[in-house]
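One structure is given below, encoded as structure tokens.
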Amino acid sequence: MRPKLNQHIKTKEFLSYYWLKKELQGFCHDHHIPRSGSKAELTERIHLFLQTGEIKRPVHKKTGAPNGKKLEELSLDTVITKHHRCSQTVRTFFKTIIPNFHFSTYIQNYFKQNSGKTYRDVVTAWYEEESRKKDPSYQREIGAQFEYNQFTRDFFADPTNKGKSRADAIAAWRAVKEQPGARTYKRKN
């Protein structure tokens with residue numbers, strides 16, 4: 001059975017279980033830890049607090065274009081830097097070239113993994129991904145923070161679950177998330 005999330009939980013135990021963002025934020029609220037950020041950021045702050053008692057403040061990221069550039073300074077020759085930000089300014093620039101542009105997980109990862117390439121390369125990558133989406137077997141990449149989504153996709157991909165309902169998938173997910181360890185779907189033999 002899953003332990004209670006409180007200041008007495010062991011760090012190893014804390015990291016072994018699945019916590020809703022709402023639960024993490026509640027813990028942070030109770031212990032005066034900043035509640036903003038992703039589940040991963042909250043988990044990191046709570047982990048540090050449980051280990052050391054230290055309260056880590058979030059790093060405020062600069063908003064705007066990469067390297068402080070304005071929209072009119074961006075071009076297809078703009079180089080992706082190591083600390084590139086997928087900002088509203090960058091989105092606006094790409095929408096002038098690709099009207100239906102948005103920051104998909106694929107494109108965000110492309111920026112992270114391709115420093116040194118240009119925005120022209122991003123446009124090519126966008127259209128390549130759009131082409132792949134036309135394949136009936138295509139599946140969008142699911143971000144690591146969306147464990148439930150990945151679990152249900154894998155549950156329904158398992159041929160032994162053919163004909164099972166969403167309620168069956170949810171029941172399986174609930175059983176897995178209450179246990180320590182990875183929250184991934186494993187086929188039952």
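How things are named: the first chain in the structure tokens is A, the next is B, and so on; residues count from 1 in each chain; ligands count from 1 in the order shown.
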
Worksheet entry | Long-range neighbours of Leu71 in chain A as a list of chain:residue names, 8 Å cut-off, only C-alpha atoms, 4 positions minimum in chain | A:Ala65, A:Thr89, A:Val90, A:Thr92, A:Phe93

Which residues come within 12 Å of Ser137 in chain A, counting only C-alpha atoms, excluding same-chain residues fewer than 4 positions away, as a PDB file with C-alpha atoms, in the first residue's frame?
ATOM      1  CA  ARG A 132       5.004  10.810 -40.721  1.00  0.00           C
ATOM      2  CA  LYS A 133       1.634  11.647 -39.118  1.00  0.00           C
ATOM      3  CA  ALA A 157      -1.594  -2.040 -27.694  1.00  0.00           C
TER       4      ALA A 157
END

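Within 10 Å of Glu54 in chain A, once only C-alpha atoms are used and residues closer than 5 positions along the same chain are dropped, the contacting residues are Ile33, Arg45, Ile46, His47, Leu48 and Phe49 of chain A.
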
Worksheet item: What residues in chain A get the DSSP label alpha helix (DSSP H)? Please answer as a VMD selection string.
Response: chain A and resid 11 to 16 21 to 30 39 to 52 88 to 97 105 to 113 119 to 132 147 to 157 166 to 177

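Closest to Gln139 in chain A among A:Thr124, A:Tyr106, A:Ala40, A:Pro159 is A:Tyr106, based on only C-alpha atoms.
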